[in-house]
$ cat coords14.txt   # compact mmCIF, C-alpha atoms
# COMPACT_ATOMS: atom_id res chain seq x y z
CA MET A 231 6.96 -34.81 -3.58
CA LEU A 232 4.67 -36.59 -6.09
CA ALA A 233 5.66 -36.61 -9.72
CA TYR A 234 3.19 -35.04 -12.13
CA THR A 235 3.67 -36.89 -15.37
CA ILE A 236 1.15 -34.84 -17.32
CA LEU A 237 3.28 -31.73 -16.91
CA SER A 238 5.79 -31.14 -19.66
CA LEU A 239 9.47 -31.43 -18.84
CA GLY A 240 9.87 -27.83 -19.89
CA LEU A 241 7.33 -26.64 -17.31
CA VAL A 242 9.00 -28.59 -14.53
CA ALA A 243 12.41 -27.26 -15.52
CA THR A 244 11.12 -23.70 -15.53
CA ALA A 245 9.56 -24.07 -12.10
CA SER A 246 12.75 -25.37 -10.53
CA ALA A 247 15.18 -23.04 -12.30
CA SER A 248 17.94 -21.29 -10.40
CA PRO A 249 16.94 -18.01 -8.73
CA TYR A 250 17.82 -14.68 -10.25
CA PRO A 251 20.79 -12.89 -8.67
CA THR A 252 20.50 -11.99 -4.99
CA GLN A 253 20.12 -8.34 -4.11
CA PRO A 254 23.56 -7.07 -3.09
CA THR A 255 21.93 -5.40 -0.10
CA CYS A 256 20.48 -8.70 1.28
CA LYS A 257 21.95 -10.74 4.09
CA GLU A 258 20.83 -13.85 5.94
CA LEU A 259 20.20 -13.55 9.68
CA THR A 260 19.71 -16.02 12.50
CA ILE A 261 17.84 -14.27 15.30
CA PRO A 262 17.48 -15.85 18.77
CA ILE A 263 14.03 -15.25 20.25
CA THR A 264 12.80 -16.10 23.76
CA VAL A 265 9.06 -16.12 24.46
CA ASP A 266 7.19 -16.74 27.68
CA VAL A 267 3.48 -17.31 27.03
CA PRO A 268 0.81 -19.83 28.09
CA ARG A 269 0.10 -22.78 25.80
CA PHE A 270 -3.14 -24.44 24.82
CA ILE A 271 -3.46 -28.15 25.47
CA ILE A 272 -4.37 -29.64 22.11
CA ASP A 273 -5.79 -33.14 22.00
CA ALA A 274 -5.07 -34.35 18.49
CA THR A 275 -3.28 -37.43 17.24
CA VAL A 276 -1.84 -37.40 13.75
CA GLU A 277 0.42 -40.28 12.77
CA ASP A 278 -0.65 -40.99 9.20
CA ASP A 279 -2.83 -39.71 6.37
CA TRP A 280 -5.94 -41.41 7.77
CA ASP A 281 -5.52 -39.26 10.89
CA ALA A 282 -5.09 -36.19 8.71
CA VAL A 283 -8.39 -36.96 6.97
CA ALA A 284 -10.17 -37.44 10.31
CA LEU A 285 -8.80 -34.12 11.60
CA THR A 286 -9.88 -32.38 8.40
CA LEU A 287 -13.42 -33.61 8.91
CA ASN A 288 -13.52 -32.22 12.45
CA LEU A 289 -12.10 -28.87 11.36
CA THR A 290 -14.55 -28.53 8.47
CA ARG A 291 -17.74 -29.32 10.36
CA ARG A 292 -20.17 -26.39 10.50
CA ASP A 293 -19.63 -26.11 14.27
CA PHE A 294 -15.83 -26.22 14.16
CA THR A 295 -15.41 -22.57 15.16
CA ASN A 296 -17.03 -23.16 18.54
CA LEU A 297 -14.75 -23.52 21.55
CA THR A 298 -16.09 -27.02 22.11
CA ASP A 299 -15.60 -30.30 20.32
CA PRO A 300 -14.66 -30.82 17.53
CA LEU A 301 -12.05 -28.09 18.18
CA PRO A 302 -9.24 -30.16 19.73
CA VAL A 303 -8.38 -27.70 22.51
CA VAL A 304 -9.00 -29.19 25.95
CA GLY A 305 -7.39 -26.62 28.21
CA LYS A 306 -4.51 -24.28 28.85
CA THR A 307 -1.29 -24.50 30.83
CA ASP A 308 -1.40 -23.13 34.37
CA GLY A 309 1.09 -20.42 33.50
CA PRO A 310 3.49 -19.19 30.84
CA VAL A 311 5.92 -21.60 29.20
CA LYS A 312 9.35 -20.20 28.38
CA SER A 313 11.01 -21.26 25.13
CA THR A 314 13.92 -20.05 23.02
CA PHE A 315 13.84 -20.36 19.24
CA THR A 316 16.03 -19.29 16.35
CA VAL A 317 14.37 -17.41 13.52
CA GLY A 318 15.86 -17.60 10.04
CA ALA A 319 15.38 -14.28 8.27
CA THR A 320 16.56 -12.31 5.26
CA LEU A 321 17.23 -8.58 5.54
CA CYS A 322 17.24 -6.59 2.30
CA GLY A 323 17.55 -2.89 1.57
CA THR A 324 18.83 0.09 3.50
CA GLY A 325 15.72 2.22 4.00
CA SER A 326 15.02 3.63 7.47
CA THR A 327 11.48 2.22 7.39
CA MET A 328 11.48 -1.56 7.75
CA LEU A 329 8.72 -3.86 6.50
CA ILE A 330 8.46 -7.12 8.48
CA LEU A 331 6.89 -9.80 6.29
CA THR A 332 4.99 -12.76 7.82
CA HIS A 333 3.94 -15.57 5.47
CA GLY A 334 0.94 -17.90 5.72
CA ILE A 335 0.55 -21.65 6.11
CA ILE A 336 1.86 -24.17 3.57
CA GLU A 337 4.37 -21.41 2.74
CA SER A 338 7.77 -20.02 3.66
CA LYS A 339 9.49 -16.67 3.33
CA LEU A 340 10.12 -17.58 -0.31
CA TYR A 341 6.55 -16.42 -0.92
CA TRP A 342 7.82 -12.84 -0.72
CA ARG A 343 10.67 -13.44 -3.20
CA PRO A 344 10.01 -16.41 -5.53
CA THR A 345 13.02 -18.08 -7.08
CA PHE A 346 11.91 -19.37 -10.47
CA GLU A 347 13.30 -17.86 -13.66
CA GLY A 348 11.66 -14.55 -14.52
CA ALA A 349 9.94 -14.22 -11.13
CA GLU A 350 11.16 -10.68 -10.49
CA LYS A 351 7.72 -9.18 -11.11
CA TYR A 352 6.32 -11.39 -8.34
CA SER A 353 8.94 -10.34 -5.78
CA PHE A 354 7.48 -8.10 -3.11
CA VAL A 355 10.94 -7.86 -1.54
CA ASP A 356 12.56 -6.44 -4.69
CA ALA A 357 9.66 -4.03 -5.25
CA ALA A 358 9.85 -2.78 -1.65
CA VAL A 359 13.61 -2.25 -1.80
CA ALA A 360 13.17 -0.35 -5.09
CA ALA A 361 10.55 1.81 -3.35
CA GLY A 362 13.09 2.77 -0.67
CA TYR A 363 12.25 0.39 2.16
CA SER A 364 14.28 -2.18 4.04
CA VAL A 365 12.61 -5.58 4.32
CA LEU A 366 12.85 -8.31 6.95
CA SER A 367 11.27 -11.54 5.71
CA TYR A 368 11.40 -14.56 8.00
CA ASP A 369 10.38 -18.18 8.26
CA ARG A 370 7.84 -18.71 10.98
CA ILE A 371 9.06 -21.11 13.69
CA GLY A 372 8.73 -24.69 12.52
CA VAL A 373 9.24 -23.64 8.91
CA GLY A 374 12.25 -23.50 6.60
CA SER A 375 15.35 -22.02 8.19
CA SER A 376 13.79 -21.41 11.62
CA SER A 377 13.73 -23.74 14.64
CA LYS A 378 12.01 -27.08 14.19
CA ILE A 379 9.39 -27.33 16.92
CA ASN A 380 6.68 -29.61 18.25
CA ALA A 381 3.59 -29.35 16.04
CA LEU A 382 1.18 -29.35 18.98
CA THR A 383 2.86 -27.74 21.98
CA ASP A 384 5.06 -25.08 20.35
CA ALA A 385 3.45 -24.30 17.00
CA GLN A 386 0.62 -22.23 18.42
CA PHE A 387 -0.77 -18.88 17.39
CA GLN A 388 -0.01 -16.99 20.60
CA VAL A 389 3.57 -18.30 20.58
CA GLU A 390 4.10 -17.13 17.01
CA ALA A 391 2.53 -13.76 17.80
CA ALA A 392 5.03 -13.39 20.66
CA VAL A 393 7.84 -14.23 18.21
CA LEU A 394 6.64 -11.45 15.91
CA ASP A 395 6.45 -9.05 18.86
CA ALA A 396 10.11 -9.86 19.57
CA LEU A 397 11.02 -9.27 15.92
CA VAL A 398 9.39 -5.83 16.07
CA SER A 399 11.56 -5.02 19.07
CA HIS A 400 14.63 -6.47 17.34
CA ALA A 401 13.98 -4.36 14.25
CA ARG A 402 13.84 -1.18 16.28
CA THR A 403 16.65 -1.82 18.75
CA SER A 404 19.16 -4.04 16.94
CA LEU A 405 18.49 -3.25 13.28
CA HIS A 406 17.86 0.45 14.01
CA ALA A 407 14.64 0.80 12.03
CA ALA A 408 13.15 4.27 12.39
CA LYS A 409 9.68 2.94 11.60
CA VAL A 410 8.24 -0.57 11.41
CA VAL A 411 5.44 -1.74 9.11
CA LEU A 412 3.88 -5.18 9.51
CA VAL A 413 2.94 -6.91 6.25
CA GLY A 414 1.10 -10.21 6.63
CA HIS A 415 -0.34 -12.83 4.34
CA SER A 416 -3.09 -15.30 5.31
CA TYR A 417 -2.28 -16.79 8.75
CA GLY A 418 0.52 -14.22 8.82
CA SER A 419 -2.09 -11.47 8.57
CA TYR A 420 -3.71 -12.63 11.81
CA LEU A 421 -0.28 -12.68 13.43
CA SER A 422 0.49 -9.20 12.10
CA ALA A 423 -2.81 -7.80 13.37
CA ALA A 424 -2.27 -9.36 16.80
CA SER A 425 1.24 -7.96 17.02
CA ALA A 426 0.11 -4.51 15.89
CA ALA A 427 -2.52 -4.57 18.64
CA SER A 428 0.10 -5.33 21.30
CA ASN A 429 2.69 -2.90 19.87
CA ARG A 430 0.49 0.13 19.35
CA SER A 431 3.28 2.71 19.54
CA ALA A 432 5.92 0.63 17.72
CA VAL A 433 4.06 -0.17 14.49
CA ALA A 434 3.60 2.61 11.93
CA ALA A 435 1.26 0.80 9.52
CA VAL A 436 -0.27 -2.61 8.82
CA VAL A 437 -0.83 -4.28 5.43
CA LEU A 438 -2.87 -7.48 5.30
CA THR A 439 -3.51 -9.83 2.37
CA GLY A 440 -5.32 -13.17 2.22
CA PHE A 441 -7.47 -11.86 5.07
CA ALA A 442 -11.09 -10.85 5.62
CA GLY A 443 -11.21 -10.92 9.42
CA GLY A 444 -13.19 -14.13 9.96
CA PHE A 445 -12.99 -17.89 9.75
CA GLN A 446 -16.23 -18.90 8.05
CA TYR A 447 -14.49 -19.90 4.82
CA PHE A 448 -11.67 -21.95 6.30
CA ALA A 449 -13.56 -25.18 5.58
CA PRO A 450 -13.25 -25.06 1.75
CA PHE A 451 -9.56 -24.30 2.15
CA LEU A 452 -8.91 -27.21 4.51
CA ALA A 453 -11.01 -29.67 2.52
CA GLY A 454 -9.63 -28.54 -0.81
CA SER A 455 -6.02 -28.85 0.35
CA GLY A 456 -6.38 -32.62 0.76
CA LEU A 457 -4.02 -32.49 3.73
CA ARG A 458 -1.36 -35.19 4.04
CA VAL A 459 1.41 -35.90 6.56
CA ALA A 460 4.50 -34.09 5.28
CA ARG A 461 7.10 -36.64 6.30
CA LEU A 462 5.18 -39.38 4.50
CA MET A 463 4.82 -37.28 1.36
CA ASP A 464 8.51 -36.44 1.06
CA ALA A 465 10.82 -38.14 3.54
CA ALA A 466 13.95 -36.64 2.01
CA ARG A 467 12.67 -33.11 2.48
CA TRP A 468 10.53 -33.38 5.60
CA GLY A 469 11.41 -36.66 7.29
CA HIS A 470 12.91 -34.75 10.22
CA LEU A 471 9.51 -33.26 11.16
CA ASP A 472 7.01 -34.91 13.46
CA ALA A 473 3.78 -36.28 12.01
CA GLY A 474 1.83 -33.20 13.07
CA TYR A 475 3.13 -31.25 10.08
CA LEU A 476 0.82 -31.32 7.05
CA VAL A 477 1.03 -30.36 3.38
CA SER A 478 -1.38 -30.26 0.47
CA ALA A 479 -1.98 -33.45 -1.48
CA ASP A 480 -0.64 -32.26 -4.84
CA VAL A 481 -0.12 -29.26 -7.08
CA TYR A 482 -3.74 -29.26 -8.23
CA ALA A 483 -5.14 -29.17 -4.69
CA GLU A 484 -2.77 -26.34 -3.84
CA THR A 485 -3.72 -24.46 -7.00
CA TYR A 486 -7.41 -24.77 -6.10
CA VAL A 487 -6.95 -23.24 -2.65
CA TYR A 488 -4.27 -20.65 -3.44
CA PHE A 489 -4.81 -19.46 -7.01
CA GLY A 490 -7.64 -17.73 -8.83
CA GLN A 491 -9.20 -17.87 -12.25
CA GLU A 492 -7.35 -19.55 -15.12
CA GLY A 493 -5.54 -16.78 -16.98
CA ASP A 494 -4.92 -14.69 -13.87
CA PHE A 495 -1.76 -16.65 -13.05
CA GLU A 496 1.01 -18.55 -14.77
CA ARG A 497 0.86 -22.30 -14.24
CA ARG A 498 4.60 -22.36 -13.68
CA ALA A 499 4.08 -20.08 -10.66
CA ALA A 500 1.64 -22.59 -9.19
CA VAL A 501 4.04 -25.47 -9.87
CA TRP A 502 6.91 -23.56 -8.23
CA SER A 503 4.70 -22.69 -5.26
CA HIS A 504 3.95 -26.37 -4.65
CA ASP A 505 7.31 -27.90 -5.52
CA VAL A 506 9.63 -25.27 -4.02
CA GLY A 507 7.85 -22.55 -2.07
CA SER A 508 5.58 -24.75 0.04
CA GLU A 509 6.43 -25.75 3.59
CA PRO A 510 4.31 -27.83 5.99
CA PHE A 511 2.12 -26.23 8.60
CA ALA A 512 1.58 -27.55 12.10
CA VAL A 513 -1.61 -29.11 13.45
CA GLY A 514 -1.53 -26.80 16.48
CA GLU A 515 -1.71 -23.55 14.52
CA LEU A 516 -5.33 -23.27 13.40
CA PRO A 517 -6.95 -24.61 16.62
CA SER A 518 -4.86 -22.21 18.70
CA LEU A 519 -5.82 -19.31 16.42
CA LEU A 520 -9.48 -20.16 16.86
CA ALA A 521 -9.04 -20.57 20.63
CA SER A 522 -7.30 -17.15 20.77
CA SER A 523 -10.24 -15.49 19.06
CA PRO A 524 -11.85 -13.05 18.98
CA LEU A 525 -8.65 -11.12 18.43
CA ASP A 526 -8.62 -7.50 19.58
CA PHE A 527 -8.51 -5.88 16.15
CA GLY A 528 -9.90 -2.71 17.70
CA ALA A 529 -6.63 -2.23 19.60
CA VAL A 530 -4.71 -1.68 16.34
CA ALA A 531 -3.91 2.03 16.21
CA ALA A 532 -1.82 2.12 13.03
CA PRO A 533 -3.29 2.75 9.57
CA VAL A 534 -4.52 -0.50 8.00
CA LEU A 535 -4.68 -1.60 4.37
CA VAL A 536 -6.41 -4.88 3.49
CA LEU A 537 -5.71 -5.92 -0.08
CA GLN A 538 -7.51 -8.92 -1.56
CA GLY A 539 -7.59 -11.05 -4.64
CA GLN A 540 -11.24 -11.24 -5.64
CA PHE A 541 -11.23 -15.03 -5.89
CA ASP A 542 -9.67 -15.79 -2.50
CA LEU A 543 -11.15 -19.08 -1.30
CA SER A 544 -10.15 -19.21 2.38
CA ALA A 545 -10.72 -15.52 3.13
CA CYS A 546 -13.92 -14.91 1.20
CA GLY A 547 -15.29 -18.19 -0.10
CA GLY A 548 -14.08 -17.47 -3.63
CA ASN A 549 -15.49 -13.95 -4.12
CA CYS A 550 -14.27 -11.08 -1.95
CA VAL A 551 -16.39 -8.30 -3.47
CA GLY A 552 -18.29 -6.72 -0.57
CA GLN A 553 -16.74 -9.07 1.99
CA LEU A 554 -14.36 -6.46 3.42
CA ASP A 555 -16.94 -3.76 4.09
CA GLY A 556 -17.10 -4.56 7.82
CA LEU A 557 -13.38 -4.18 8.42
CA ARG A 558 -13.60 -0.46 9.10
CA SER A 559 -15.68 -1.16 12.20
CA LEU A 560 -13.56 -4.20 13.11
CA PHE A 561 -10.40 -2.05 13.18
CA SER A 562 -12.20 0.64 15.13
CA GLY A 563 -9.06 2.03 16.76
CA ALA A 564 -7.25 2.69 13.49
CA GLY A 565 -7.58 6.20 12.12
CA VAL A 566 -7.30 4.94 8.54
CA VAL A 567 -8.67 1.67 7.17
CA GLU A 568 -8.61 1.09 3.42
CA THR A 569 -9.68 -2.03 1.54
CA VAL A 570 -9.38 -3.42 -1.97
CA ASP A 571 -11.54 -6.47 -2.72
CA ASP A 572 -11.45 -7.02 -6.48
CA LEU A 573 -7.92 -7.71 -7.70
CA ALA A 574 -7.70 -10.44 -10.36
CA ALA A 575 -6.17 -13.06 -8.09
CA GLY A 576 -6.83 -15.86 -5.65
CA HIS A 577 -5.43 -16.29 -2.15
CA ASN A 578 -1.71 -16.10 -3.01
CA LEU A 579 -1.93 -12.57 -4.38
CA ASN A 580 1.81 -12.13 -4.92
CA LEU A 581 1.99 -15.05 -7.36
CA HIS A 582 -0.62 -13.68 -9.76
CA LYS A 583 -0.12 -11.46 -12.80
CA VAL A 584 -1.66 -8.52 -10.93
CA ALA A 585 1.14 -8.56 -8.34
CA PRO A 586 2.98 -5.44 -9.61
CA GLN A 587 -0.27 -3.47 -9.44
CA ALA A 588 -0.91 -4.75 -5.91
CA PHE A 589 2.60 -3.81 -4.80
CA ALA A 590 2.16 -0.29 -6.20
CA MET A 591 -1.10 0.07 -4.23
CA ILE A 592 0.68 -0.94 -1.03
CA PHE A 593 3.51 1.54 -1.46
CA ASP A 594 1.09 4.32 -2.43
CA PHE A 595 -0.88 3.63 0.77
CA LEU A 596 2.27 3.71 2.90
CA LYS A 597 3.53 6.94 1.34
CA ARG A 598 0.14 8.59 1.94
CA GLN A 599 0.46 7.64 5.63
CA GLY A 600 3.90 9.24 5.78
CA VAL A 601 5.61 5.88 6.08

$ encode --input "coords14.txt" --output "structure tokens"
Amino acid sequence: MLAYTILSLGLVATASASPYPTQPTCKELTIPITVDVPRFIIDATVEDDWDAVALTLNLTRRDFTNLTDPLPVVGKTDGPVKSTFTVGATLCGTGSTMLILTHGIIESKLYWRPTFEGAEKYSFVDAAVAAGYSVLSYDRIGVGSSSKINALTDAQFQVEAAVLDALVSHARTSLHAAKVVLVGHSYGSYLSAASAASNRSAVAAVVLTGFAGGFQYFAPFLAGSGLRVARLMDAARWGHLDAGYLVSADVYAETYVYFGQEGDFERRAAVWSHDVGSEPFAVGELPSLLASSPLDFGAVAAPVLVLQGQFDLSACGGNCVGQLDGLRSLFSGAGVVETVDDLAAGHNLNLHKVAPQAFAMIFDFLKRQGV
């Protein structure tokens, strides 16, 4: 991607350093998944960065959450559409309880186990394995090691939720997990909540980060990202994708939307996140999420923990204190709903200095639920 000449060579070298040794209990998986769900008909044309700017304007208007223009959803298919994808995943640990990790947009499964030198303290995967769990992290379809798909017709929220449903079944039947916990971040939190609602008896607990239950603060995130067409930004890395895949404009835009107060994170973590950890997201994802809403959060029966960096821009508008108070009524079917709204972090909680504390809170919550 773009070169950032004001960064020192030492900082760039640190951000791109070789990963620390792989857990001996980890293995890479390729999981075939077939889904059969209706698709939204999305009327959006993105061929270049001018189109990306025009789309950003429509999606940041004050009326963008309405199921009318400017939301570019013009209908729905007459029936389900059957598709088969391959999901690239990493399985670590040997615990009988399996955590399935779903990342957000402009991210990949690397979010859960960063690869820069000294990143061990930011690795949720390593912390979970040390706490006795097995962990299945995966690239959402269209991202990283998973199937490359059409950004409008395949990369849709309800399709990705069906993929996660299939992974829950795979974890229980093929990977022999005694219990399954869904852990989501950002867009992945909405997917995790939707899957928990449709798999009431199969999911033992739900952990959500980068999430406050609504969409009212998506506009600062979208505008601040300075979205650009991925294949035009870096043809060597993303030239194989169609023009409907977008990335942030540069490391500073991504830092604004994903990181918190100066001092709460290491700059090298932000540089790594942009240069290595980032993956494009598809134009069809956010409109289809909005068109699928309101989601049936009340159908989630498992215990729920929502854990937030205080300075999360897209979830809370930059200050989460008090913004999670309504989640107990939103998740009305869950016997236990706990929230934390004041951790010293922005949206990408795992990449902040408070990450070890956040991980400990998650495992304490799970142990108290008998998971």

$ closest_residue --input "coords14.txt" --among "A:Val501, A:Leu516, A:Leu366, A:Ala435" --to "Val566 (chain A)" --atoms "all atoms listed in the file"
A:Ala435

$ residues_around --input "coords14.txt" --residues "Gly418 (chain A)" --least-positions-apart "5" --cutoff "8 Å" --atoms "all atoms listed in the file" --output "ChimeraX atom specification"
/A:332-335

$ closest_residue --input "coords14.txt" --among "A:Gly493, A:Gly456, A:Gly552, A:Gly323" --to "Ala357 (chain A)" --atoms "only C-alpha atoms"
A:Gly323

$ closest_residue --input "coords14.txt" --among "A:Ala392, A:Leu457, A:Leu289, A:Ile330" --to "Ala473 (chain A)" --atoms "only C-alpha atoms"
A:Leu457

$ closest_residue --input "coords14.txt" --among "A:Leu560, A:Ala590, A:Ile371, A:Ile336" --to "Leu476 (chain A)" --atoms "only C-alpha atoms"
A:Ile336

$ residues_around --input "coords14.txt" --residues "Gly372 (chain A)" --least-positions-apart "2" --cutoff "12 Å" --atoms "only C-alpha atoms" --output "PyMOL selection string"
chain A and resi 315-318+335-338+368-370+374-386+389-390+393+468+470-472+474-476+509-515

$ closest_residue --input "coords14.txt" --among "A:Phe495, A:Tyr486, A:Tyr363, A:Phe445" --to "Leu596 (chain A)" --atoms "only C-alpha atoms"
A:Tyr363

$ build_atoms --input "coords14.txt" --residues "region 437-451 of chain A" --atoms "N, CA and C atoms" --output "PDB file, keeping the file's coordinate frame"
ATOM      1  N   VAL A 437      -0.315  -3.870   6.744  1.00  0.00           N
ATOM      2  CA  VAL A 437      -0.830  -4.280   5.430  1.00  0.00           C
ATOM      3  C   VAL A 437      -1.166  -5.762   5.512  1.00  0.00           C
ATOM      4  N   LEU A 438      -2.398  -6.113   5.171  1.00  0.00           N
ATOM      5  CA  LEU A 438      -2.870  -7.480   5.300  1.00  0.00           C
ATOM      6  C   LEU A 438      -3.399  -7.981   3.965  1.00  0.00           C
ATOM      7  N   THR A 439      -2.983  -9.188   3.572  1.00  0.00           N
ATOM      8  CA  THR A 439      -3.510  -9.830   2.370  1.00  0.00           C
ATOM      9  C   THR A 439      -3.937 -11.251   2.737  1.00  0.00           C
ATOM     10  N   GLY A 440      -4.799 -11.843   1.900  1.00  0.00           N
ATOM     11  CA  GLY A 440      -5.320 -13.170   2.220  1.00  0.00           C
ATOM     12  C   GLY A 440      -6.098 -13.163   3.517  1.00  0.00           C
ATOM     13  N   PHE A 441      -6.860 -12.102   3.755  1.00  0.00           N
ATOM     14  CA  PHE A 441      -7.470 -11.860   5.070  1.00  0.00           C
ATOM     15  C   PHE A 441      -8.781 -11.104   4.893  1.00  0.00           C
ATOM     16  N   ALA A 442      -9.826 -11.581   5.590  1.00  0.00           N
ATOM     17  CA  ALA A 442     -11.090 -10.850   5.620  1.00  0.00           C
ATOM     18  C   ALA A 442     -11.628 -10.716   7.036  1.00  0.00           C
ATOM     19  N   GLY A 443     -10.846 -11.145   8.029  1.00  0.00           N
ATOM     20  CA  GLY A 443     -11.210 -10.920   9.420  1.00  0.00           C
ATOM     21  C   GLY A 443     -11.958 -12.034  10.103  1.00  0.00           C
ATOM     22  N   GLY A 444     -12.402 -13.049   9.363  1.00  0.00           N
ATOM     23  CA  GLY A 444     -13.190 -14.130   9.960  1.00  0.00           C
ATOM     24  C   GLY A 444     -12.675 -15.486   9.552  1.00  0.00           C
ATOM     25  N   PHE A 445     -13.427 -16.516   9.984  1.00  0.00           N
ATOM     26  CA  PHE A 445     -12.990 -17.890   9.750  1.00  0.00           C
ATOM     27  C   PHE A 445     -14.040 -18.722   9.012  1.00  0.00           C
ATOM     28  N   GLN A 446     -15.114 -18.115   8.563  1.00  0.00           N
ATOM     29  CA  GLN A 446     -16.230 -18.900   8.050  1.00  0.00           C
ATOM     30  C   GLN A 446     -15.908 -19.634   6.753  1.00  0.00           C
ATOM     31  N   TYR A 447     -14.828 -19.233   6.086  1.00  0.00           N
ATOM     32  CA  TYR A 447     -14.490 -19.900   4.820  1.00  0.00           C
ATOM     33  C   TYR A 447     -13.229 -20.745   4.924  1.00  0.00           C
ATOM     34  N   PHE A 448     -12.815 -21.075   6.142  1.00  0.00           N
ATOM     35  CA  PHE A 448     -11.670 -21.950   6.300  1.00  0.00           C
ATOM     36  C   PHE A 448     -11.966 -23.364   5.802  1.00  0.00           C
ATOM     37  N   ALA A 449     -13.217 -23.796   5.924  1.00  0.00           N
ATOM     38  CA  ALA A 449     -13.560 -25.180   5.580  1.00  0.00           C
ATOM     39  C   ALA A 449     -13.233 -25.524   4.129  1.00  0.00           C
ATOM     40  N   PRO A 450     -13.618 -24.713   3.124  1.00  0.00           N
ATOM     41  CA  PRO A 450     -13.250 -25.060   1.750  1.00  0.00           C
ATOM     42  C   PRO A 450     -11.739 -25.133   1.551  1.00  0.00           C
ATOM     43  N   PHE A 451     -11.016 -24.266   2.253  1.00  0.00           N
ATOM     44  CA  PHE A 451      -9.560 -24.300   2.150  1.00  0.00           C
ATOM     45  C   PHE A 451      -9.000 -25.603   2.692  1.00  0.00           C
TER      46      PHE A 451
END
